[in-house]
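Right, one structure below, let's go through it.
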Amino acid sequence: MKIRWHSGHSLSLRGNKYRVILGLPQDTQAKQLKIKEGDLVILPYARDTYSEEIQKYLEKSQAFVIDGAGEYSYGGVTIRGISVCRQAGNRMNLFSLSAEDIVFVSLFDLDRELEQKEFDLIGNTDVLAIPVGGEGVLHYKKAVKVAHKVEPRMIIPLKYQSPQDPDQAPVDDFVKEYGLESHPEEE
């Protein structure tokens with residue numbers, strides 16, 4: 001499984017027989033993903049909350065789109081999603097994916113600690129994608145608490161300070177609080 005971060009909470013997972021896109025970057029960047037038939041697109045929010053341009057793009061792509069809670073299977077990937085209420089008051093979905101004997105969980109834009117039923121969804125997690133920037137999402141200190149409870153083999157920080165998201169906390173704040181050293185991917 002190859003994992004690639006795009007921006008914000010958007011990632012893609014690629015295996016021999018599948019490509020999964022988790023979350024979409026901003027409108028202008030979403031089209032750069034070149035979503036096509038056979039791709040699996042998993043959205044943290046209902047499809048109708050996205051711009052009309054993105055909705056049309058997804059429809060035209062003929063990708064298999066999941067934007068709600070439930071259990072799914074597509075292209076060798078098993079998906080479980082639950083709907084949760086954010087502290088901000090709106091609803092979003094958390095997803096657990098299993099492929100190639102790896103369990104991948106994305107918390108997308110979660111802005112509060114997990115409840116027990118949400119931990120039950122996560123179960124044994126190999127890879128945890130977790131927001132850490134604090135602006136509308138988990139603060140890095142709360143993200144560390146969640147990550148310690150989940151105990152994944154690998155953590156992918158999301159929604160941290162970047163040119164597209166300058167108000168978020170730097171990823172190094174999370175890394176230091178967790179007690180690790182930063183190893184950014186070299187291009």
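Chain labels A, B, ... are given in the sequence in which chains occur in the structure tokens; within each chain residues are numbered consecutively from 1, and ligands are likewise numbered from 1 in the order shown.
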May I have the residues within 6 Å of stretch 136-138 of chain A as a VMD selection string, using only C-alpha atoms and disregarding those fewer than 3 positions away in the same chain? chain A and resid 109 to 112 131 to 132 143
From a DSSP pass on the backbone, collect the residues of stretch 8-139 of chain A flagged as alpha helix (DSSP H) and hand them back as number ranges by chain. A: 27-30, 52-61, 116-122
Write a file of the just-selected residues containing N, CA, C and O atoms, as a PDB file, in the first residue's frame.
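Result file follows (part05.pdb):
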```
ATOM      1  N   ASP A  27     -11.306  22.899  -4.209  1.00  0.00           N
ATOM      2  CA  ASP A  27     -11.850  22.722  -5.565  1.00  0.00           C
ATOM      3  C   ASP A  27     -10.791  22.677  -6.653  1.00  0.00           C
ATOM      4  O   ASP A  27     -10.781  21.788  -7.491  1.00  0.00           O
ATOM      5  N   THR A  28      -9.886  23.639  -6.653  1.00  0.00           N
ATOM      6  CA  THR A  28      -8.903  23.719  -7.738  1.00  0.00           C
ATOM      7  C   THR A  28      -7.936  22.545  -7.702  1.00  0.00           C
ATOM      8  O   THR A  28      -7.468  22.093  -8.742  1.00  0.00           O
ATOM      9  N   GLN A  29      -7.635  22.032  -6.520  1.00  0.00           N
ATOM     10  CA  GLN A  29      -6.689  20.928  -6.397  1.00  0.00           C
ATOM     11  C   GLN A  29      -7.344  19.569  -6.622  1.00  0.00           C
ATOM     12  O   GLN A  29      -6.671  18.620  -7.001  1.00  0.00           O
ATOM     13  N   ALA A  30      -8.639  19.450  -6.381  1.00  0.00           N
ATOM     14  CA  ALA A  30      -9.321  18.163  -6.498  1.00  0.00           C
ATOM     15  C   ALA A  30      -9.187  17.590  -7.901  1.00  0.00           C
ATOM     16  O   ALA A  30      -8.981  16.383  -8.072  1.00  0.00           O
ATOM     17  N   GLU A  52     -20.865  22.718  -6.232  1.00  0.00           N
ATOM     18  CA  GLU A  52     -21.509  22.134  -7.411  1.00  0.00           C
ATOM     19  C   GLU A  52     -20.452  21.631  -8.400  1.00  0.00           C
ATOM     20  O   GLU A  52     -20.611  20.576  -9.016  1.00  0.00           O
ATOM     21  N   GLU A  53     -19.358  22.360  -8.499  1.00  0.00           N
ATOM     22  CA  GLU A  53     -18.268  21.971  -9.398  1.00  0.00           C
ATOM     23  C   GLU A  53     -17.688  20.606  -8.996  1.00  0.00           C
ATOM     24  O   GLU A  53     -17.476  19.740  -9.849  1.00  0.00           O
ATOM     25  N   ILE A  54     -17.466  20.399  -7.707  1.00  0.00           N
ATOM     26  CA  ILE A  54     -16.928  19.114  -7.225  1.00  0.00           C
ATOM     27  C   ILE A  54     -17.949  18.011  -7.433  1.00  0.00           C
ATOM     28  O   ILE A  54     -17.607  16.898  -7.854  1.00  0.00           O
ATOM     29  N   GLN A  55     -19.215  18.286  -7.144  1.00  0.00           N
ATOM     30  CA  GLN A  55     -20.248  17.270  -7.338  1.00  0.00           C
ATOM     31  C   GLN A  55     -20.296  16.812  -8.796  1.00  0.00           C
ATOM     32  O   GLN A  55     -20.372  15.614  -9.076  1.00  0.00           O
ATOM     33  N   LYS A  56     -20.246  17.752  -9.720  1.00  0.00           N
ATOM     34  CA  LYS A  56     -20.260  17.404 -11.151  1.00  0.00           C
ATOM     35  C   LYS A  56     -19.003  16.628 -11.532  1.00  0.00           C
ATOM     36  O   LYS A  56     -19.064  15.676 -12.313  1.00  0.00           O
ATOM     37  N   TYR A  57     -17.876  17.041 -10.984  1.00  0.00           N
ATOM     38  CA  TYR A  57     -16.613  16.358 -11.268  1.00  0.00           C
ATOM     39  C   TYR A  57     -16.668  14.896 -10.812  1.00  0.00           C
ATOM     40  O   TYR A  57     -16.273  13.987 -11.537  1.00  0.00           O
ATOM     41  N   LEU A  58     -17.188  14.667  -9.606  1.00  0.00           N
ATOM     42  CA  LEU A  58     -17.300  13.301  -9.089  1.00  0.00           C
ATOM     43  C   LEU A  58     -18.253  12.468  -9.948  1.00  0.00           C
ATOM     44  O   LEU A  58     -17.978  11.308 -10.245  1.00  0.00           O
ATOM     45  N   GLU A  59     -19.365  13.061 -10.330  1.00  0.00           N
ATOM     46  CA  GLU A  59     -20.328  12.341 -11.167  1.00  0.00           C
ATOM     47  C   GLU A  59     -19.706  11.967 -12.510  1.00  0.00           C
ATOM     48  O   GLU A  59     -19.834  10.833 -12.973  1.00  0.00           O
ATOM     49  N   LYS A  60     -19.019  12.892 -13.115  1.00  0.00           N
ATOM     50  CA  LYS A  60     -18.392  12.658 -14.412  1.00  0.00           C
ATOM     51  C   LYS A  60     -17.283  11.598 -14.319  1.00  0.00           C
ATOM     52  O   LYS A  60     -17.077  10.828 -15.255  1.00  0.00           O
ATOM     53  N   SER A  61     -16.589  11.550 -13.187  1.00  0.00           N
ATOM     54  CA  SER A  61     -15.471  10.619 -13.012  1.00  0.00           C
ATOM     55  C   SER A  61     -15.925   9.156 -12.986  1.00  0.00           C
ATOM     56  O   SER A  61     -15.146   8.264 -13.262  1.00  0.00           O
ATOM     57  N   GLN A 116     -16.272   6.194  23.220  1.00  0.00           N
ATOM     58  CA  GLN A 116     -16.004   4.757  23.214  1.00  0.00           C
ATOM     59  C   GLN A 116     -16.517   4.060  21.952  1.00  0.00           C
ATOM     60  O   GLN A 116     -15.819   3.252  21.359  1.00  0.00           O
ATOM     61  N   LYS A 117     -17.733   4.398  21.503  1.00  0.00           N
ATOM     62  CA  LYS A 117     -18.279   3.742  20.306  1.00  0.00           C
ATOM     63  C   LYS A 117     -17.424   4.045  19.085  1.00  0.00           C
ATOM     64  O   LYS A 117     -17.339   3.246  18.155  1.00  0.00           O
ATOM     65  N   GLU A 118     -16.771   5.196  19.084  1.00  0.00           N
ATOM     66  CA  GLU A 118     -15.890   5.553  17.984  1.00  0.00           C
ATOM     67  C   GLU A 118     -14.584   4.764  18.060  1.00  0.00           C
ATOM     68  O   GLU A 118     -14.041   4.349  17.043  1.00  0.00           O
ATOM     69  N   PHE A 119     -14.095   4.525  19.285  1.00  0.00           N
ATOM     70  CA  PHE A 119     -12.927   3.661  19.450  1.00  0.00           C
ATOM     71  C   PHE A 119     -13.245   2.248  18.986  1.00  0.00           C
ATOM     72  O   PHE A 119     -12.388   1.557  18.442  1.00  0.00           O
ATOM     73  N   ASP A 120     -14.496   1.819  19.197  1.00  0.00           N
ATOM     74  CA  ASP A 120     -14.896   0.478  18.763  1.00  0.00           C
ATOM     75  C   ASP A 120     -14.788   0.340  17.246  1.00  0.00           C
ATOM     76  O   ASP A 120     -14.426  -0.711  16.743  1.00  0.00           O
ATOM     77  N   LEU A 121     -15.105   1.392  16.512  1.00  0.00           N
ATOM     78  CA  LEU A 121     -14.949   1.378  15.053  1.00  0.00           C
ATOM     79  C   LEU A 121     -13.481   1.196  14.686  1.00  0.00           C
ATOM     80  O   LEU A 121     -13.143   0.426  13.799  1.00  0.00           O
ATOM     81  N   ILE A 122     -12.634   1.906  15.385  1.00  0.00           N
ATOM     82  CA  ILE A 122     -11.218   1.912  15.048  1.00  0.00           C
ATOM     83  C   ILE A 122     -10.574   0.562  15.321  1.00  0.00           C
ATOM     84  O   ILE A 122      -9.841   0.036  14.495  1.00  0.00           O
TER      85      ILE A 122
END
```
Residues near stretch 65-76 of chain A, cut-off 8 Å, only C-alpha atoms, skip fewer than 5 positions along chain, as an NGL selection string: :A and (17-18 or 38 or 40-47 or 58 or 81-83 or 93 or 99)
I'd like the interatomic distance between atom CA of A:Ile156 and atom CA of A:Gln32, to a tenth of an Å. 21.6 Å
For atom CA of A:Gln164 and atom CA of A:Val150, quote the distance in Å rounded to one decimal. 28.5 Å
Neighbour list for A:Phe95 as a PyMOL selection string, cut-off 8 Å, only C-alpha atoms, skip fewer than 5 positions in-chain: chain A and resi 79-82+105-107
Quick one: residues within 12 Å of A:Ile3, only C-alpha atoms counted, chain neighbours fewer than 4 positions away excluded, as a PDB file with N, CA, C and O atoms, in the first residue's frame?
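Dumped to result28.pdb:
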```pdb
ATOM      1  N   SER A  10      -6.768  15.407   2.922  1.00  0.00           N
ATOM      2  CA  SER A  10      -6.862  14.576   1.723  1.00  0.00           C
ATOM      3  C   SER A  10      -5.628  13.689   1.529  1.00  0.00           C
ATOM      4  O   SER A  10      -4.498  14.172   1.514  1.00  0.00           O
ATOM      5  N   LEU A  11      -5.908  12.397   1.378  1.00  0.00           N
ATOM      6  CA  LEU A  11      -4.866  11.381   1.162  1.00  0.00           C
ATOM      7  C   LEU A  11      -5.313  10.450   0.056  1.00  0.00           C
ATOM      8  O   LEU A  11      -6.503  10.331  -0.225  1.00  0.00           O
ATOM      9  N   SER A  12      -4.374   9.742  -0.518  1.00  0.00           N
ATOM     10  CA  SER A  12      -4.758   8.638  -1.402  1.00  0.00           C
ATOM     11  C   SER A  12      -3.957   7.412  -1.009  1.00  0.00           C
ATOM     12  O   SER A  12      -2.814   7.502  -0.548  1.00  0.00           O
ATOM     13  N   LEU A  13      -4.603   6.272  -1.152  1.00  0.00           N
ATOM     14  CA  LEU A  13      -3.988   4.970  -0.886  1.00  0.00           C
ATOM     15  C   LEU A  13      -4.006   4.208  -2.201  1.00  0.00           C
ATOM     16  O   LEU A  13      -5.025   4.177  -2.890  1.00  0.00           O
ATOM     17  N   ARG A  14      -2.903   3.603  -2.539  1.00  0.00           N
ATOM     18  CA  ARG A  14      -2.844   2.861  -3.795  1.00  0.00           C
ATOM     19  C   ARG A  14      -2.273   1.470  -3.520  1.00  0.00           C
ATOM     20  O   ARG A  14      -1.249   1.323  -2.878  1.00  0.00           O
ATOM     21  N   GLY A  15      -2.993   0.487  -4.054  1.00  0.00           N
ATOM     22  CA  GLY A  15      -2.533  -0.887  -4.000  1.00  0.00           C
ATOM     23  C   GLY A  15      -2.488  -1.435  -5.413  1.00  0.00           C
ATOM     24  O   GLY A  15      -2.688  -0.703  -6.381  1.00  0.00           O
ATOM     25  N   ARG A  19      -7.334   2.205  -5.945  1.00  0.00           N
ATOM     26  CA  ARG A  19      -6.890   3.542  -5.536  1.00  0.00           C
ATOM     27  C   ARG A  19      -8.033   4.132  -4.729  1.00  0.00           C
ATOM     28  O   ARG A  19      -9.175   4.204  -5.204  1.00  0.00           O
ATOM     29  N   VAL A  20      -7.732   4.524  -3.511  1.00  0.00           N
ATOM     30  CA  VAL A  20      -8.711   5.124  -2.611  1.00  0.00           C
ATOM     31  C   VAL A  20      -8.302   6.569  -2.377  1.00  0.00           C
ATOM     32  O   VAL A  20      -7.140   6.839  -2.054  1.00  0.00           O
ATOM     33  N   ILE A  21      -9.245   7.472  -2.539  1.00  0.00           N
ATOM     34  CA  ILE A  21      -9.002   8.880  -2.243  1.00  0.00           C
ATOM     35  C   ILE A  21      -9.850   9.220  -1.029  1.00  0.00           C
ATOM     36  O   ILE A  21     -11.070   9.074  -1.050  1.00  0.00           O
ATOM     37  N   LEU A  22      -9.193   9.622   0.037  1.00  0.00           N
ATOM     38  CA  LEU A  22      -9.859   9.964   1.291  1.00  0.00           C
ATOM     39  C   LEU A  22      -9.921  11.474   1.415  1.00  0.00           C
ATOM     40  O   LEU A  22      -8.891  12.131   1.546  1.00  0.00           O
ATOM     41  N   ILE A 102      -3.891  -4.502   6.149  1.00  0.00           N
ATOM     42  CA  ILE A 102      -3.574  -3.251   6.845  1.00  0.00           C
ATOM     43  C   ILE A 102      -4.892  -2.551   7.171  1.00  0.00           C
ATOM     44  O   ILE A 102      -5.757  -2.425   6.311  1.00  0.00           O
ATOM     45  N   PHE A 104      -6.466   0.959   8.076  1.00  0.00           N
ATOM     46  CA  PHE A 104      -6.179   2.380   7.958  1.00  0.00           C
ATOM     47  C   PHE A 104      -7.395   3.149   8.452  1.00  0.00           C
ATOM     48  O   PHE A 104      -8.514   2.883   8.016  1.00  0.00           O
ATOM     49  N   VAL A 127      -2.546   2.114  10.709  1.00  0.00           N
ATOM     50  CA  VAL A 127      -2.207   3.474  10.280  1.00  0.00           C
ATOM     51  C   VAL A 127      -3.346   4.404  10.691  1.00  0.00           C
ATOM     52  O   VAL A 127      -4.502   4.166  10.343  1.00  0.00           O
ATOM     53  N   LEU A 128      -2.998   5.463  11.420  1.00  0.00           N
ATOM     54  CA  LEU A 128      -3.976   6.449  11.874  1.00  0.00           C
ATOM     55  C   LEU A 128      -3.656   7.794  11.246  1.00  0.00           C
ATOM     56  O   LEU A 128      -2.571   8.339  11.436  1.00  0.00           O
ATOM     57  N   ALA A 129      -4.606   8.332  10.467  1.00  0.00           N
ATOM     58  CA  ALA A 129      -4.498   9.683   9.918  1.00  0.00           C
ATOM     59  C   ALA A 129      -5.318  10.581  10.830  1.00  0.00           C
ATOM     60  O   ALA A 129      -6.527  10.393  10.972  1.00  0.00           O
ATOM     61  N   MET A 154       1.601   3.322  12.813  1.00  0.00           N
ATOM     62  CA  MET A 154       2.071   4.500  12.093  1.00  0.00           C
ATOM     63  C   MET A 154       1.025   5.602  12.201  1.00  0.00           C
ATOM     64  O   MET A 154      -0.172   5.321  12.183  1.00  0.00           O
ATOM     65  N   ILE A 155       1.487   6.856  12.296  1.00  0.00           N
ATOM     66  CA  ILE A 155       0.602   8.016  12.385  1.00  0.00           C
ATOM     67  C   ILE A 155       0.901   8.952  11.219  1.00  0.00           C
ATOM     68  O   ILE A 155       2.059   9.232  10.915  1.00  0.00           O
ATOM     69  N   ILE A 156      -0.174   9.426  10.594  1.00  0.00           N
ATOM     70  CA  ILE A 156      -0.045  10.446   9.548  1.00  0.00           C
ATOM     71  C   ILE A 156      -0.782  11.683  10.031  1.00  0.00           C
ATOM     72  O   ILE A 156      -2.012  11.687  10.110  1.00  0.00           O
ATOM     73  N   GLU A 185       8.886  13.633   4.362  1.00  0.00           N
ATOM     74  CA  GLU A 185       9.159  12.913   3.127  1.00  0.00           C
ATOM     75  C   GLU A 185       9.979  13.792   2.214  1.00  0.00           C
ATOM     76  O   GLU A 185       9.711  14.973   2.060  1.00  0.00           O
TER      77      GLU A 185
END
```
Any idea what the distance is between atom CA of A:Tyr50 and atom CA of A:Ala88? 17.8 Å
Env of stretch 167-182 of chain A: 9 Å cut, atoms = only C-alpha atoms, seq-sep filter 3 positions within chain, self excluded. Answer as a CSV table (one decimal) with all heavy atoms, in the first residue's frame.
```csv
chain,number,residue,atom,x,y,z
A,132,VAL,N,-4.1,17.6,13.5
A,132,VAL,CA,-3.3,18.0,14.6
A,132,VAL,C,-3.2,19.5,14.7
A,132,VAL,O,-2.5,20.0,15.6
A,132,VAL,CB,-1.9,17.4,14.5
A,132,VAL,CG1,-2.0,15.9,14.6
A,132,VAL,CG2,-1.1,17.9,13.3
A,133,GLY,N,-3.8,20.3,13.8
A,133,GLY,CA,-3.5,21.7,13.7
A,133,GLY,C,-4.2,22.6,14.7
A,133,GLY,O,-3.8,23.8,14.9
A,134,GLY,N,-5.4,22.2,15.2
A,134,GLY,CA,-6.1,23.0,16.2
A,134,GLY,C,-7.1,24.0,15.7
A,134,GLY,O,-7.9,24.4,16.5
A,135,GLU,N,-7.0,24.4,14.5
A,135,GLU,CA,-7.9,25.4,14.0
A,135,GLU,C,-9.1,24.7,13.3
A,135,GLU,O,-9.0,24.3,12.2
A,135,GLU,CB,-7.2,26.3,13.0
A,135,GLU,CG,-8.0,27.5,12.5
A,135,GLU,CD,-8.4,28.5,13.5
A,135,GLU,OE1,-7.5,28.7,14.5
A,135,GLU,OE2,-9.4,29.1,13.5
A,136,GLY,N,-10.2,24.5,14.1
A,136,GLY,CA,-11.4,23.8,13.6
A,136,GLY,C,-11.2,22.3,13.6
A,136,GLY,O,-12.1,21.5,13.2
A,137,VAL,N,-10.1,21.8,14.1
A,137,VAL,CA,-9.8,20.4,14.2
A,137,VAL,C,-9.1,20.1,15.6
A,137,VAL,O,-8.9,21.1,16.3
A,137,VAL,CB,-8.9,19.8,13.1
A,137,VAL,CG1,-9.6,20.0,11.7
A,137,VAL,CG2,-7.6,20.5,13.1
A,139,HIS,N,-6.7,19.9,18.5
A,139,HIS,CA,-5.4,20.6,18.9
A,139,HIS,C,-4.4,19.5,19.0
A,139,HIS,O,-4.7,18.3,19.4
A,139,HIS,CB,-5.7,21.3,20.2
A,139,HIS,CG,-4.5,22.1,20.7
A,139,HIS,ND1,-3.5,21.5,21.5
A,139,HIS,CD2,-4.1,23.4,20.5
A,139,HIS,CE1,-2.5,22.4,21.7
A,139,HIS,NE2,-2.9,23.5,21.2
A,140,TYR,N,-3.1,19.8,18.8
A,140,TYR,CA,-2.1,18.8,18.8
A,140,TYR,C,-2.0,18.0,20.1
A,140,TYR,O,-1.7,16.8,20.1
A,140,TYR,CB,-0.8,19.3,18.3
A,140,TYR,CG,-0.1,20.3,19.3
A,140,TYR,CD1,0.8,19.8,20.3
A,140,TYR,CD2,-0.3,21.6,19.2
A,140,TYR,CE1,1.4,20.7,21.1
A,140,TYR,CE2,0.3,22.5,20.0
A,140,TYR,CZ,1.2,22.0,21.0
A,140,TYR,OH,1.8,22.9,21.8
A,141,LYS,N,-2.3,18.7,21.2
A,141,LYS,CA,-2.2,18.0,22.5
A,141,LYS,C,-3.3,16.9,22.7
A,141,LYS,O,-3.1,15.8,23.2
A,141,LYS,CB,-2.2,19.0,23.7
A,141,LYS,CG,-1.0,19.8,23.8
A,141,LYS,CD,-0.9,20.7,25.0
A,141,LYS,CE,0.4,21.4,25.0
A,141,LYS,NZ,0.6,22.2,26.2
A,143,ALA,N,-4.8,15.5,20.1
A,143,ALA,CA,-4.4,14.5,19.1
A,143,ALA,C,-3.4,13.5,19.6
A,143,ALA,O,-3.6,12.3,19.3
A,143,ALA,CB,-3.9,15.2,17.8
A,144,VAL,N,-2.5,14.0,20.4
A,144,VAL,CA,-1.6,13.1,21.1
A,144,VAL,C,-2.3,12.1,22.0
A,144,VAL,O,-2.0,10.9,22.0
A,144,VAL,CB,-0.5,13.8,21.8
A,144,VAL,CG1,0.3,12.9,22.7
A,144,VAL,CG2,0.5,14.5,20.8
A,145,LYS,N,-3.3,12.6,22.8
A,145,LYS,CA,-4.0,11.7,23.7
A,145,LYS,C,-4.8,10.6,22.9
A,145,LYS,O,-4.8,9.5,23.2
A,145,LYS,CB,-5.1,12.5,24.5
A,145,LYS,CG,-4.5,13.4,25.6
A,145,LYS,CD,-5.6,14.1,26.3
A,145,LYS,CE,-5.0,15.0,27.4
A,145,LYS,NZ,-6.1,15.7,28.1
A,147,ALA,N,-4.1,9.5,19.8
A,147,ALA,CA,-3.1,8.6,19.2
A,147,ALA,C,-2.6,7.6,20.2
A,147,ALA,O,-2.4,6.5,19.9
A,147,ALA,CB,-2.0,9.4,18.6
A,148,HIS,N,-2.3,8.1,21.5
A,148,HIS,CA,-1.8,7.2,22.5
A,148,HIS,C,-2.9,6.1,22.8
A,148,HIS,O,-2.5,4.9,23.1
A,148,HIS,CB,-1.4,7.9,23.8
A,148,HIS,CG,0.0,8.5,23.7
A,148,HIS,ND1,1.1,7.8,23.4
A,148,HIS,CD2,0.4,9.8,23.8
A,148,HIS,CE1,2.2,8.6,23.4
A,148,HIS,NE2,1.8,9.8,23.6
A,157,PRO,N,0.0,12.7,10.4
A,157,PRO,CA,-0.7,14.0,10.8
A,157,PRO,C,-1.4,14.6,9.6
A,157,PRO,O,-0.9,14.6,8.5
A,157,PRO,CB,0.4,14.9,11.3
A,157,PRO,CG,1.6,13.9,11.5
A,157,PRO,CD,1.4,12.8,10.5
A,158,LEU,N,-2.6,15.2,9.9
A,158,LEU,CA,-3.4,15.9,8.9
A,158,LEU,C,-3.7,17.3,9.4
A,158,LEU,O,-3.6,17.6,10.6
A,158,LEU,CB,-4.7,15.2,8.6
A,158,LEU,CG,-4.7,13.8,8.2
A,158,LEU,CD1,-6.1,13.2,8.2
A,158,LEU,CD2,-4.1,13.6,6.9
A,159,LYS,N,-4.1,18.2,8.5
A,159,LYS,CA,-4.6,19.5,8.9
A,159,LYS,C,-3.6,20.3,9.8
A,159,LYS,O,-3.9,20.8,10.8
A,159,LYS,CB,-6.0,19.5,9.5
A,159,LYS,CG,-7.1,18.9,8.6
A,159,LYS,CD,-7.5,19.8,7.6
A,159,LYS,CE,-8.3,20.9,8.1
A,159,LYS,NZ,-9.0,21.7,7.1
A,160,TYR,N,-2.4,20.4,9.3
A,160,TYR,CA,-1.4,21.1,10.0
A,160,TYR,C,-1.0,22.3,9.2
A,160,TYR,O,-1.4,22.5,8.0
A,160,TYR,CB,-0.2,20.3,10.4
A,160,TYR,CG,0.4,19.5,9.3
A,160,TYR,CD1,1.3,20.1,8.4
A,160,TYR,CD2,0.1,18.2,9.1
A,160,TYR,CE1,1.9,19.4,7.3
A,160,TYR,CE2,0.7,17.5,8.0
A,160,TYR,CZ,1.6,18.1,7.1
A,160,TYR,OH,2.1,17.4,6.1
A,161,GLN,N,-0.1,23.2,9.7
A,161,GLN,CA,0.3,24.4,9.1
A,161,GLN,C,0.9,24.1,7.7
A,161,GLN,O,1.8,23.3,7.6
A,161,GLN,CB,1.2,25.2,9.9
A,161,GLN,CG,1.5,26.6,9.4
A,161,GLN,CD,2.4,27.3,10.4
A,161,GLN,OE1,3.5,27.0,10.6
A,161,GLN,NE2,1.8,28.3,11.1
A,162,SER,N,0.4,24.8,6.7
A,162,SER,CA,1.0,24.7,5.3
A,162,SER,C,0.7,26.0,4.6
A,162,SER,O,-0.1,26.8,5.1
A,162,SER,CB,0.4,23.5,4.6
A,162,SER,OG,-1.0,23.7,4.3
```
Write down as a ChimeraX atom specification the residues of chain A whose backbone DSSP state falls under strand (DSSP E or B). /A:2-7,10-14,19-22,40-42,64-66,70-74,77-85,91-99,102-106,127-131,133,139,154-158,162,165
